[in-house]
>>> print(open('data15.cif').read())   # mmCIF, C-alpha atoms and all ligand atoms
data_model
loop_
_atom_site.label_atom_id
_atom_site.label_comp_id
_atom_site.auth_asym_id
_atom_site.auth_seq_id
_atom_site.Cartn_x
_atom_site.Cartn_y
_atom_site.Cartn_z
CA MET A 760 -44.62 58.96 -20.48
CA THR A 761 -41.12 58.20 -21.65
CA ASP A 762 -40.54 54.53 -22.12
CA PHE A 763 -37.09 53.01 -22.01
CA LEU A 764 -38.42 50.17 -24.14
CA SER A 765 -38.54 52.72 -26.95
CA THR A 766 -34.90 51.81 -27.52
CA GLY A 767 -36.62 48.93 -29.30
CA THR A 768 -33.75 46.56 -28.82
CA LEU A 769 -34.99 44.39 -25.98
CA PRO A 770 -35.91 40.79 -26.69
CA ASP A 771 -39.45 39.80 -25.69
CA GLU A 772 -38.60 38.00 -22.45
CA TYR A 773 -36.82 41.08 -21.10
CA ARG A 774 -39.66 43.39 -22.20
CA GLU A 775 -42.22 41.20 -20.48
CA LEU A 776 -40.22 41.07 -17.29
CA ALA A 777 -39.75 44.85 -17.25
CA LEU A 778 -43.45 45.45 -17.85
CA THR A 779 -44.46 42.98 -15.12
CA VAL A 780 -42.15 44.66 -12.61
CA ARG A 781 -43.40 48.07 -13.75
CA ASP A 782 -46.99 47.03 -12.95
CA PHE A 783 -45.91 45.71 -9.57
CA ALA A 784 -43.99 48.92 -8.85
CA ASN A 785 -46.98 51.10 -9.72
CA GLN A 786 -49.67 48.99 -8.08
CA VAL A 787 -47.94 47.56 -5.00
CA VAL A 788 -44.82 49.60 -4.26
CA ALA A 789 -45.85 53.18 -5.07
CA PRO A 790 -48.96 53.31 -2.81
CA VAL A 791 -46.97 52.49 0.35
CA ALA A 792 -43.64 54.15 -0.49
CA ALA A 793 -44.32 57.47 1.29
CA LYS A 794 -45.67 55.68 4.38
CA HIS A 795 -42.63 53.43 4.83
CA ASP A 796 -40.35 56.38 4.14
CA ALA A 797 -42.06 58.50 6.80
CA GLU A 798 -42.16 55.65 9.33
CA HIS A 799 -38.65 54.39 8.50
CA SER A 800 -40.20 50.93 8.33
CA PHE A 801 -38.97 47.96 6.33
CA PRO A 802 -41.62 47.06 3.71
CA TYR A 803 -42.03 43.36 4.54
CA GLU A 804 -45.24 43.04 2.50
CA VAL A 805 -43.54 44.49 -0.59
CA VAL A 806 -40.50 42.25 -0.10
CA LYS A 807 -42.82 39.24 0.12
CA GLY A 808 -44.50 40.35 -3.10
CA MET A 809 -41.11 40.57 -4.83
CA ALA A 810 -40.21 37.15 -3.44
CA ASP A 811 -43.48 35.65 -4.74
CA MET A 812 -42.66 37.04 -8.19
CA GLY A 813 -39.27 35.34 -8.07
CA LEU A 814 -37.28 38.58 -8.21
CA PHE A 815 -34.75 37.44 -5.60
CA GLY A 816 -33.95 34.47 -7.81
CA LEU A 817 -33.77 36.32 -11.12
CA PRO A 818 -30.13 35.74 -12.10
CA PHE A 819 -29.70 32.28 -10.54
CA PRO A 820 -30.14 28.82 -12.08
CA GLU A 821 -33.30 26.85 -11.34
CA GLU A 822 -31.35 24.13 -9.52
CA PHE A 823 -30.83 26.67 -6.71
CA GLY A 824 -34.43 27.85 -6.76
CA GLY A 825 -33.66 30.70 -9.16
CA MET A 826 -35.56 31.91 -12.23
CA GLY A 827 -32.81 30.98 -14.68
CA GLY A 828 -32.49 34.58 -15.87
CA ASP A 829 -29.39 36.74 -15.95
CA TYR A 830 -27.87 39.87 -14.45
CA PHE A 831 -29.40 42.13 -17.09
CA ALA A 832 -32.86 40.88 -16.11
CA LEU A 833 -32.06 41.88 -12.53
CA CYS A 834 -30.99 45.33 -13.78
CA LEU A 835 -34.25 45.84 -15.66
CA ALA A 836 -36.20 44.97 -12.51
CA LEU A 837 -34.08 47.38 -10.47
CA GLU A 838 -34.66 50.17 -12.98
CA GLU A 839 -38.43 49.75 -12.75
CA LEU A 840 -38.43 49.62 -8.96
CA GLY A 841 -35.95 52.50 -8.71
CA LYS A 842 -38.39 54.76 -10.57
CA VAL A 843 -40.91 54.64 -7.75
CA ASP A 844 -39.01 53.63 -4.60
CA GLN A 845 -35.24 53.46 -4.22
CA SER A 846 -35.51 51.80 -0.79
CA VAL A 847 -37.32 48.83 -2.27
CA ALA A 848 -34.93 48.70 -5.20
CA ILE A 849 -31.83 48.72 -2.98
CA THR A 850 -33.34 46.00 -0.79
CA LEU A 851 -33.55 43.79 -3.88
CA GLU A 852 -30.16 44.90 -5.21
CA ALA A 853 -28.37 44.21 -1.93
CA GLY A 854 -30.28 40.96 -1.39
CA VAL A 855 -29.33 39.57 -4.78
CA SER A 856 -26.12 41.11 -6.01
CA LEU A 857 -24.40 41.61 -2.64
CA GLY A 858 -26.18 38.97 -0.54
CA ALA A 859 -26.77 35.81 -2.55
CA MET A 860 -24.28 36.39 -5.38
CA PRO A 861 -21.08 35.84 -3.32
CA VAL A 862 -22.45 32.45 -2.22
CA TYR A 863 -23.32 31.56 -5.82
CA ARG A 864 -20.01 32.78 -7.28
CA PHE A 865 -17.62 31.51 -4.60
CA GLY A 866 -19.46 28.94 -2.48
CA ASN A 867 -18.84 25.20 -2.56
CA ASP A 868 -21.69 22.77 -3.28
CA LYS A 869 -22.62 22.35 0.36
CA GLN A 870 -22.76 26.11 0.99
CA LYS A 871 -24.82 26.67 -2.15
CA GLN A 872 -27.27 23.90 -1.24
CA GLU A 873 -27.64 25.22 2.27
CA TRP A 874 -28.06 28.93 1.51
CA LEU A 875 -29.15 29.61 -2.05
CA PRO A 876 -32.68 28.13 -1.97
CA GLN A 877 -33.53 30.34 1.04
CA LEU A 878 -31.99 33.43 -0.53
CA THR A 879 -33.24 33.02 -4.09
CA SER A 880 -36.79 32.45 -2.84
CA GLY A 881 -36.63 35.68 -0.82
CA ARG A 882 -37.55 33.79 2.37
CA ALA A 883 -34.22 34.91 3.80
CA LEU A 884 -31.81 37.79 3.18
CA ALA A 885 -28.02 37.80 3.28
CA ALA A 886 -25.97 40.96 3.83
CA PHE A 887 -22.54 41.95 2.54
CA GLY A 888 -20.17 42.93 5.33
CA LEU A 889 -17.20 44.75 3.85
CA THR A 890 -17.19 48.36 5.09
CA GLU A 891 -15.73 49.12 8.52
CA PRO A 892 -15.36 52.32 10.53
CA GLY A 893 -11.78 52.63 9.29
CA ALA A 894 -12.18 50.91 5.91
CA GLY A 895 -14.60 52.27 3.29
CA SER A 896 -13.16 53.32 -0.08
CA ASP A 897 -9.93 51.76 1.13
CA ALA A 898 -11.61 48.46 1.95
CA GLY A 899 -8.22 46.76 2.22
CA GLY A 900 -7.93 48.57 5.58
CA THR A 901 -10.12 45.84 7.12
CA ARG A 902 -9.38 45.31 10.82
CA THR A 903 -11.93 42.64 11.66
CA THR A 904 -10.04 39.44 12.38
CA ALA A 905 -10.84 35.75 12.06
CA VAL A 906 -8.53 33.32 13.85
CA LEU A 907 -8.61 29.56 13.35
CA ASP A 908 -9.14 27.74 16.62
CA GLY A 909 -9.31 23.98 15.96
CA ASP A 910 -12.13 23.56 13.49
CA SER A 911 -13.67 27.01 14.09
CA TRP A 912 -13.07 30.62 13.10
CA ILE A 913 -13.23 33.12 15.95
CA ILE A 914 -14.28 36.50 14.58
CA ASN A 915 -13.80 39.84 16.33
CA GLY A 916 -14.39 43.33 14.98
CA SER A 917 -17.06 45.55 13.52
CA LYS A 918 -18.67 46.55 10.24
CA GLN A 919 -20.66 49.64 9.41
CA PHE A 920 -23.42 50.78 7.04
CA ILE A 921 -24.48 47.21 6.19
CA THR A 922 -27.68 46.92 4.14
CA ASN A 923 -30.32 44.25 4.93
CA SER A 924 -28.33 43.19 8.00
CA GLY A 925 -30.97 43.51 10.71
CA THR A 926 -34.37 42.58 9.27
CA ASP A 927 -36.55 39.81 10.70
CA ILE A 928 -35.65 37.68 7.69
CA THR A 929 -31.88 38.32 7.66
CA ARG A 930 -30.17 34.97 8.17
CA LEU A 931 -26.62 35.46 6.92
CA VAL A 932 -23.82 38.00 6.69
CA THR A 933 -20.77 37.42 4.50
CA VAL A 934 -17.89 39.05 6.32
CA THR A 935 -14.41 40.01 5.16
CA ALA A 936 -11.81 39.50 7.87
CA VAL A 937 -8.05 39.42 8.23
CA THR A 938 -7.07 35.76 8.56
CA GLY A 939 -3.29 36.23 8.65
CA THR A 940 -0.43 37.82 6.74
CA THR A 941 1.30 36.66 3.59
CA GLU A 942 4.68 38.22 2.74
CA GLY A 943 3.95 41.09 5.12
CA LYS A 944 0.56 41.81 3.53
CA LYS A 945 -2.81 41.29 5.16
CA GLU A 946 -4.52 38.10 4.10
CA ILE A 947 -8.24 38.88 3.80
CA SER A 948 -10.79 36.07 3.56
CA THR A 949 -14.57 35.89 3.48
CA ILE A 950 -16.51 33.97 6.08
CA LEU A 951 -20.20 33.09 6.27
CA VAL A 952 -21.73 34.17 9.56
CA PRO A 953 -25.30 33.03 10.28
CA THR A 954 -27.00 35.86 12.16
CA ASP A 955 -28.10 33.60 15.04
CA THR A 956 -24.45 32.96 16.00
CA PRO A 957 -23.71 34.10 19.59
CA GLY A 958 -21.56 37.24 19.70
CA PHE A 959 -23.01 38.65 16.48
CA VAL A 960 -25.04 41.82 17.04
CA ALA A 961 -26.84 44.06 14.55
CA GLU A 962 -26.73 47.37 16.43
CA PRO A 963 -29.66 49.84 16.23
CA ALA A 964 -30.45 51.05 12.70
CA TYR A 965 -29.01 54.32 11.41
CA ASN A 966 -31.12 57.45 11.11
CA LYS A 967 -30.41 58.15 7.43
CA VAL A 968 -31.04 61.12 5.12
CA GLY A 969 -32.76 58.84 2.62
CA TRP A 970 -33.41 55.18 1.75
CA ASN A 971 -35.47 55.31 4.93
CA ALA A 972 -37.34 52.08 4.20
CA SER A 973 -34.10 50.20 3.60
CA ASP A 974 -32.46 48.38 6.52
CA THR A 975 -28.94 49.56 7.47
CA HIS A 976 -27.00 48.75 10.66
CA PRO A 977 -23.57 48.75 12.23
CA LEU A 978 -22.54 45.20 13.13
CA SER A 979 -20.37 43.96 15.95
CA PHE A 980 -18.60 40.63 16.32
CA THR A 981 -17.38 39.50 19.73
CA ASP A 982 -15.73 36.07 19.79
CA VAL A 983 -18.15 34.90 17.11
CA ARG A 984 -17.41 31.19 16.56
CA VAL A 985 -18.38 29.58 13.25
CA PRO A 986 -17.19 26.29 11.70
CA ALA A 987 -13.96 26.43 9.67
CA GLU A 988 -15.98 25.17 6.70
CA ASN A 989 -17.80 28.54 6.62
CA LEU A 990 -14.84 30.00 4.72
CA LEU A 991 -16.34 31.30 1.45
CA GLY A 992 -14.02 30.80 -1.51
CA GLU A 993 -10.29 30.45 -1.18
CA ARG A 994 -8.49 31.64 1.94
CA GLY A 995 -6.80 34.99 1.19
CA ARG A 996 -9.07 35.70 -1.82
CA GLY A 997 -11.79 37.48 0.16
CA TYR A 998 -10.90 41.01 -0.88
CA ALA A 999 -10.39 40.12 -4.55
CA ASN A 1000 -13.65 38.18 -4.62
CA PHE A 1001 -15.58 41.04 -3.07
CA LEU A 1002 -14.10 43.44 -5.65
CA ARG A 1003 -15.53 41.24 -8.39
CA ILE A 1004 -18.92 41.37 -6.66
CA LEU A 1005 -18.64 45.18 -6.49
CA ASP A 1006 -17.78 45.42 -10.20
CA GLU A 1007 -21.03 43.64 -11.03
CA GLY A 1008 -22.91 45.52 -8.34
CA ARG A 1009 -22.01 48.82 -9.98
CA ILE A 1010 -24.04 47.85 -13.04
CA ALA A 1011 -26.98 47.06 -10.79
CA ILE A 1012 -26.64 50.37 -8.92
CA ALA A 1013 -26.41 52.13 -12.29
CA ALA A 1014 -29.70 50.50 -13.33
CA LEU A 1015 -31.35 51.55 -10.07
CA SER A 1016 -30.00 55.08 -10.61
CA VAL A 1017 -31.37 55.20 -14.15
CA GLY A 1018 -34.75 54.25 -12.70
CA ALA A 1019 -34.51 57.14 -10.25
CA ALA A 1020 -33.42 59.53 -13.01
CA GLN A 1021 -36.30 58.39 -15.25
CA GLY A 1022 -38.80 58.53 -12.42
CA CYS A 1023 -37.88 62.20 -11.98
CA VAL A 1024 -38.41 62.82 -15.70
CA ASP A 1025 -41.80 61.11 -15.72
CA GLU A 1026 -43.01 62.99 -12.65
CA SER A 1027 -41.76 66.28 -14.08
CA VAL A 1028 -43.41 65.83 -17.47
CA ARG A 1029 -46.74 65.06 -15.78
CA TYR A 1030 -46.47 67.99 -13.38
CA ALA A 1031 -45.24 70.49 -15.97
CA LYS A 1032 -48.34 69.80 -18.09
CA GLU A 1033 -50.76 70.06 -15.21
CA ARG A 1034 -49.39 72.91 -13.05
CA GLU A 1035 -50.35 76.36 -14.23
CA ALA A 1036 -48.64 79.67 -13.47
CA PHE A 1037 -49.21 83.00 -15.19
CA GLY A 1038 -52.24 81.46 -16.91
CA ARG A 1039 -50.51 78.55 -18.65
CA PRO A 1040 -48.88 75.21 -17.89
CA ILE A 1041 -45.37 75.71 -16.56
CA GLY A 1042 -44.10 73.20 -19.17
CA SER A 1043 -44.97 75.66 -21.94
CA ASN A 1044 -42.03 77.78 -20.74
CA GLN A 1045 -38.94 76.79 -22.64
CA ALA A 1046 -36.88 77.09 -19.47
CA ILE A 1047 -38.86 74.21 -17.97
CA ALA A 1048 -39.06 72.18 -21.20
CA PHE A 1049 -35.29 72.46 -21.69
CA LYS A 1050 -34.67 71.42 -18.12
CA ILE A 1051 -36.81 68.30 -18.61
CA ALA A 1052 -35.25 67.60 -22.01
CA ARG A 1053 -31.82 67.61 -20.38
CA MET A 1054 -33.08 65.30 -17.65
CA GLU A 1055 -34.36 62.88 -20.29
CA ALA A 1056 -31.01 63.02 -22.09
CA ARG A 1057 -29.16 62.21 -18.87
CA ALA A 1058 -31.38 59.21 -18.13
CA HIS A 1059 -31.09 57.93 -21.69
CA ALA A 1060 -27.29 58.24 -21.82
CA ALA A 1061 -26.93 56.56 -18.44
CA ARG A 1062 -29.19 53.70 -19.56
CA ALA A 1063 -27.05 53.16 -22.64
CA ALA A 1064 -24.00 53.02 -20.34
CA TYR A 1065 -25.42 50.31 -18.10
CA TYR A 1066 -26.80 48.29 -21.03
CA ASP A 1067 -23.29 48.35 -22.50
CA ALA A 1068 -21.60 47.26 -19.25
CA ALA A 1069 -24.16 44.48 -18.76
CA ALA A 1070 -23.73 43.26 -22.33
CA LEU A 1071 -19.96 43.01 -21.85
CA MET A 1072 -20.37 41.19 -18.55
CA LEU A 1073 -22.87 38.69 -19.94
CA THR A 1074 -20.64 37.86 -22.90
CA GLY A 1075 -17.68 37.22 -20.61
CA LYS A 1076 -15.67 40.26 -21.73
CA PRO A 1077 -13.84 42.69 -19.41
CA PHE A 1078 -16.36 45.18 -18.04
CA LYS A 1079 -14.66 46.90 -15.08
CA LYS A 1080 -14.22 50.26 -16.81
CA GLN A 1081 -17.71 50.24 -18.36
CA ALA A 1082 -19.29 49.31 -15.02
CA ALA A 1083 -17.48 52.20 -13.31
CA ILE A 1084 -18.56 54.59 -16.09
CA ALA A 1085 -22.16 53.40 -15.86
CA LYS A 1086 -22.19 53.83 -12.08
CA LEU A 1087 -20.60 57.27 -12.34
CA VAL A 1088 -22.89 58.74 -14.98
CA ALA A 1089 -26.08 57.07 -13.75
CA SER A 1090 -25.67 58.15 -10.12
CA GLU A 1091 -24.93 61.71 -11.26
CA ALA A 1092 -27.95 61.60 -13.59
CA ALA A 1093 -30.14 60.54 -10.66
CA MET A 1094 -28.84 63.30 -8.38
CA ASP A 1095 -29.01 65.98 -11.07
CA ASN A 1096 -32.51 64.93 -12.16
CA ALA A 1097 -33.74 64.81 -8.57
CA ARG A 1098 -32.49 68.35 -8.02
CA ASP A 1099 -34.13 69.59 -11.24
CA ALA A 1100 -37.40 67.74 -10.59
CA THR A 1101 -37.60 69.25 -7.12
CA GLN A 1102 -37.16 72.70 -8.66
CA ILE A 1103 -39.91 72.02 -11.19
CA PHE A 1104 -42.27 70.99 -8.39
CA GLY A 1105 -41.64 74.26 -6.55
CA GLY A 1106 -42.74 74.18 -2.90
CA TYR A 1107 -44.39 70.78 -3.33
CA GLY A 1108 -41.00 69.41 -4.30
CA PHE A 1109 -39.87 70.09 -0.74
CA MET A 1110 -42.73 68.09 0.80
CA ASN A 1111 -41.68 64.63 1.85
CA GLU A 1112 -44.75 62.82 0.58
CA TYR A 1113 -43.92 63.75 -3.02
CA ALA A 1114 -41.93 61.18 -4.97
CA VAL A 1115 -39.48 63.80 -6.26
CA ALA A 1116 -38.70 64.93 -2.70
CA ARG A 1117 -37.92 61.31 -1.82
CA HIS A 1118 -35.69 61.01 -4.89
CA TYR A 1119 -33.95 64.23 -3.81
CA ARG A 1120 -33.07 62.70 -0.42
CA ASP A 1121 -32.51 59.17 -1.72
CA SER A 1122 -30.29 59.91 -4.72
CA LYS A 1123 -27.26 61.29 -2.86
CA ILE A 1124 -26.23 57.87 -1.59
CA LEU A 1125 -26.09 56.61 -5.18
CA GLU A 1126 -22.93 58.73 -5.56
CA ILE A 1127 -21.44 57.14 -2.43
CA GLY A 1128 -22.44 53.48 -1.97
CA GLU A 1129 -20.69 50.59 -3.76
CA GLY A 1130 -17.80 52.90 -4.51
CA THR A 1131 -17.95 56.70 -4.37
CA THR A 1132 -17.78 58.90 -7.47
CA GLU A 1133 -14.08 59.41 -6.73
CA VAL A 1134 -13.51 55.66 -6.56
CA GLN A 1135 -15.19 55.24 -9.98
CA LEU A 1136 -12.88 57.94 -11.36
CA MET A 1137 -9.89 56.15 -9.85
CA LEU A 1138 -10.97 52.88 -11.49
CA ILE A 1139 -11.53 54.51 -14.89
CA GLY A 1140 -8.19 56.32 -14.64
CA ARG A 1141 -6.41 53.07 -13.79
CA GLU A 1142 -8.00 51.32 -16.77
CA LEU A 1143 -6.59 54.14 -18.91
CA GLY A 1144 -3.15 53.38 -17.52
CA LEU A 1145 -3.01 56.50 -15.35
C1 LIG B 1 -26.99 53.55 3.15
C2 LIG B 1 -25.68 52.84 2.97
C3 LIG B 1 -25.68 51.49 2.67
C4 LIG B 1 -24.46 50.80 2.55
N1 LIG B 1 -24.48 49.43 2.37
C5 LIG B 1 -23.31 48.74 2.47
C6 LIG B 1 -23.29 47.32 2.47
O1 LIG B 1 -24.34 46.67 2.37
N2 LIG B 1 -22.11 46.68 2.62
C7 LIG B 1 -20.93 47.35 2.75
O2 LIG B 1 -19.89 46.70 2.90
N3 LIG B 1 -20.89 48.71 2.72
C8 LIG B 1 -22.06 49.42 2.60
N4 LIG B 1 -22.05 50.80 2.60
C9 LIG B 1 -20.78 51.50 2.71
C10 LIG B 1 -20.37 52.28 1.46
O3 LIG B 1 -20.01 51.41 0.44
C11 LIG B 1 -19.25 53.25 1.87
O4 LIG B 1 -19.85 54.26 2.68
C12 LIG B 1 -18.53 53.85 0.70
O5 LIG B 1 -17.78 52.88 0.01
C13 LIG B 1 -17.59 54.99 1.11
O6 LIG B 1 -16.79 54.63 2.19
P1 LIG B 1 -16.66 55.60 3.47
O7 LIG B 1 -18.05 55.92 3.89
O8 LIG B 1 -15.77 54.96 4.46
O9 LIG B 1 -16.02 56.91 2.91
P2 LIG B 1 -14.41 57.21 2.80
O10 LIG B 1 -13.75 56.06 2.14
O11 LIG B 1 -13.93 57.63 4.12
O12 LIG B 1 -14.41 58.43 1.81
C14 LIG B 1 -14.69 59.77 2.24
C15 LIG B 1 -14.54 60.68 1.03
O13 LIG B 1 -13.16 60.67 0.60
C16 LIG B 1 -13.10 60.32 -0.77
N5 LIG B 1 -11.87 59.60 -1.01
C17 LIG B 1 -11.39 58.52 -0.34
N6 LIG B 1 -10.23 58.11 -0.87
C18 LIG B 1 -9.96 58.95 -1.89
C19 LIG B 1 -8.89 59.06 -2.85
N7 LIG B 1 -7.88 58.20 -2.85
N8 LIG B 1 -8.95 60.04 -3.77
C20 LIG B 1 -9.98 60.91 -3.79
N9 LIG B 1 -11.02 60.87 -2.92
C21 LIG B 1 -11.00 59.89 -1.99
C22 LIG B 1 -14.34 59.49 -1.01
O14 LIG B 1 -14.68 59.43 -2.40
C23 LIG B 1 -15.35 60.24 -0.18
O15 LIG B 1 -15.83 61.34 -0.88
C24 LIG B 1 -23.24 51.50 2.67
C25 LIG B 1 -23.27 52.88 2.95
C26 LIG B 1 -24.46 53.54 3.11
C27 LIG B 1 -24.42 55.00 3.48
#
>>> encode(input="data15.cif", output="structure tokens")
Amino acid sequence: MTDFLSTGTLPDEYRELALTVRDFANQVVAPVAAKHDAEHSFPYEVVKGMADMGLFGLPFPEEFGGMGGDYFALCLALEELGKVDQSVAITLEAGVSLGAMPVYRFGNDKQKQEWLPQLTSGRALAAFGLTEPGAGSDAGGTRTTAVLDGDSWIINGSKQFITNSGTDITRLVTVTAVTGTTEGKKEISTILVPTDTPGFVAEPAYNKVGWNASDTHPLSFTDVRVPAENLLGERGRGYANFLRILDEGRIAIAALSVGAAQGCVDESVRYAKEREAFGRPIGSNQAIAFKIARMEARAHAARAAYYDAAALMLTGKPFKKQAAIAKLVASEAAMDNARDATQIFGGYGFMNEYAVARHYRDSKILEIGEGTTEVQLMLIGRELGL
């Protein structure tokens, strides 16, 4: 089996973490992945296992209940989980990098003390409410409003496609809303909305093509009243702050995508050695070996791209372009490898219980969520001054 640790550059603590998560992924996640996918059920027992391992607290300081690790550690965990089950990996990714991270990056002391221990322990999940029916790639098109009424915000509007927003352990949604206009431009702010607030509704879950064991809902807000102190970060900085969260999140999605791409390689190598046609293993045909070699090259190049983006981020250097590149190439590697792996598996590759079939359905969203392929190209082009 191909081993990303063969790059040989990882310090011991990262290696150990990756190997621990790999064991968990193989022993706990893989056996129930097909069942949750078929039943479209949220894997509470797996999420509890990840919580017990401290994965939801990986990049946060110990004073907030975290593990004192960093964002790269989170990425390594996502890569290992993404190999066997993208739904589980995205549940962790959204819980940490989209859910808890905005509170950690932009919250005041009181907000951090109130929310982070619950979120970093995995006892509770927070969701990231940016996308709306009329505002996806163009997230500045937000129409949800928040109006100050005495010492409360009154929120009205809707969000769509929001991950982790309707589970039994979801306690918080961070919501972008228009809070006024400054010099004729919309002023967008972020507000913390506890999910037990009257007027907040997580509508029935979507029937998705993939990521079936991940929780995704439309949300509606009707005269939702929360204290004025629930403003997260500076008033009017909500959009900018969420863009920063998305820049980081792209590295995490790239890591998850690399996991998916590598999972397809590993499954294909195994199958190509074991499946015989015309009296010999199909992998002895150069057409199959070349296909798998190209898959391995895609996964490897995409891994190098996310390692690079993460290294820049952790050393405080600009990383926007590298994060967009990593997300672009890794999501394409996952989709391309899933298509090739399905071909290598023949008819079995079209059967839902096979991991490669799940990757085939799951990988498409990697080219759409947290910024589509076109949005990554726009970001890279802009960084080049175009
Ligand atoms: C399963 C799932 C989970 C999600 N989780 C969350 C979440 O937790 N929180 C959240 O806020 N959002 C979430 N999203 C939303 C996701 O981020 C958006 O779907 C995505 O950003 C694209 O927005 P859109 O769907 O409105 O597509 P649109 O913006 O309408 O884009 C449609 C197409 O047009 C292209 N396009 C748009 N503008 C341009 C342009 N200028 N040039 C070239 N092409 C362009 C796009 O690339 C795309 O191909 C999730 C979505 C899904 C499906």
>>> closest_residue(input="data15.cif", among="A:Ile913, A:Val843, A:Leu878, A:Leu817", to="Ala1116 of chain A", atoms="all atoms listed in the file")
A:Val843
>>> atom_distance(input="data15.cif", atom1="atom C16 of ligand LIG 1 (chain B)", atom2="atom CA of Asn915 of chain A")
26.7 Å
>>> atom_distance(input="data15.cif", atom1="atom C10 of ligand LIG 1 (chain B)", atom2="atom CA of Asp844 of chain A")
19.6 Å
>>> residues_near_point(input="data15.cif", point="(-24.0, 45.3, -5.9)", cutoff="12 Å", atoms="only C-alpha atoms", output="PyMOL selection string")
chain A and resi 830+833-834+837+848-861+886-887+889+922+1001-1015+1082+1086+1125+1128-1130
>>> residues_near_ligand(input="data15.cif", ligand="ligand LIG 1 (chain B)", cutoff="7 Å", atoms="all atoms listed in the file", output="mmCIF file with C-alpha atoms, keeping the file's coordinate frame")
data_model
loop_
_atom_site.group_PDB
_atom_site.id
_atom_site.type_symbol
_atom_site.label_atom_id
_atom_site.label_comp_id
_atom_site.auth_asym_id
_atom_site.auth_seq_id
_atom_site.Cartn_x
_atom_site.Cartn_y
_atom_site.Cartn_z
ATOM 1 C CA ALA A 853 -28.370 44.210 -1.930
ATOM 2 C CA ALA A 886 -25.970 40.960 3.830
ATOM 3 C CA PHE A 887 -22.540 41.950 2.540
ATOM 4 C CA GLY A 888 -20.170 42.930 5.330
ATOM 5 C CA LEU A 889 -17.200 44.750 3.850
ATOM 6 C CA THR A 890 -17.190 48.360 5.090
ATOM 7 C CA PRO A 892 -15.360 52.320 10.530
ATOM 8 C CA GLY A 893 -11.780 52.630 9.290
ATOM 9 C CA ALA A 894 -12.180 50.910 5.910
ATOM 10 C CA GLY A 895 -14.600 52.270 3.290
ATOM 11 C CA SER A 896 -13.160 53.320 -0.080
ATOM 12 C CA ASP A 897 -9.930 51.760 1.130
ATOM 13 C CA GLN A 919 -20.660 49.640 9.410
ATOM 14 C CA PHE A 920 -23.420 50.780 7.040
ATOM 15 C CA ILE A 921 -24.480 47.210 6.190
ATOM 16 C CA THR A 922 -27.680 46.920 4.140
ATOM 17 C CA ASN A 923 -30.320 44.250 4.930
ATOM 18 C CA TRP A 970 -33.410 55.180 1.750
ATOM 19 C CA THR A 975 -28.940 49.560 7.470
ATOM 20 C CA ILE A 1124 -26.230 57.870 -1.590
ATOM 21 C CA ILE A 1127 -21.440 57.140 -2.430
ATOM 22 C CA GLY A 1128 -22.440 53.480 -1.970
ATOM 23 C CA GLU A 1129 -20.690 50.590 -3.760
ATOM 24 C CA GLY A 1130 -17.800 52.900 -4.510
ATOM 25 C CA THR A 1131 -17.950 56.700 -4.370
ATOM 26 C CA THR A 1132 -17.780 58.900 -7.470
ATOM 27 C CA GLU A 1133 -14.080 59.410 -6.730
ATOM 28 C CA VAL A 1134 -13.510 55.660 -6.560
#
>>> residues_around(input="data15.cif", residues="Asp868 of chain A", least_positions_apart="6", cutoff="12 Å", atoms="only C-alpha atoms", output="ChimeraX atom specification")
/A:822-823,862,874-875,988,991-992
>>> residues_around(input="data15.cif", residues="segment 805-810 of chain A", least_positions_apart="6", cutoff="7 Å", atoms="all atoms listed in the file", output="ChimeraX atom specification")
/A:787-788,880-881
>>> residues_near_point(input="data15.cif", point="(-21.5, 33.8, 6.7)", cutoff="6 Å", atoms="all atoms listed in the file", output="VMD selection string")
chain A and resid 931 to 933 950 to 953
>>> closest_residue(input="data15.cif", among="A:Thr904, A:Gln786, A:Gln1045, A:Ser800", to="Glu946 of chain A", atoms="only C-alpha atoms")
A:Thr904
>>> decode(input="data15.cif", residues="segment 1071-1078 of chain A", atoms="N, CA and C atoms", output="short mmCIF file (atom, residue, chain, number, x, y, z; two decimals), in the first residue's frame")
data_model
loop_
_atom_site.label_atom_id
_atom_site.label_comp_id
_atom_site.auth_asym_id
_atom_site.auth_seq_id
_atom_site.Cartn_x
_atom_site.Cartn_y
_atom_site.Cartn_z
N LEU A 1071 2.97 27.42 4.67
CA LEU A 1071 2.93 28.89 4.58
C LEU A 1071 2.01 29.46 5.65
N MET A 1072 0.83 28.85 5.78
CA MET A 1072 -0.13 29.36 6.77
C MET A 1072 0.45 29.29 8.19
N LEU A 1073 1.08 28.17 8.51
CA LEU A 1073 1.57 28.00 9.88
C LEU A 1073 2.74 28.91 10.20
N THR A 1074 3.46 29.36 9.17
CA THR A 1074 4.57 30.27 9.43
C THR A 1074 4.16 31.73 9.23
N GLY A 1075 2.84 31.95 9.12
CA GLY A 1075 2.33 33.32 9.08
C GLY A 1075 2.57 34.04 7.77
N LYS A 1076 2.84 33.29 6.71
CA LYS A 1076 3.07 33.92 5.39
C LYS A 1076 1.76 33.91 4.59
N PRO A 1077 1.68 34.75 3.55
CA PRO A 1077 0.47 34.72 2.71
C PRO A 1077 0.29 33.33 2.09
N PHE A 1078 -0.93 32.83 2.10
CA PHE A 1078 -1.15 31.47 1.60
C PHE A 1078 -2.40 31.36 0.73
#
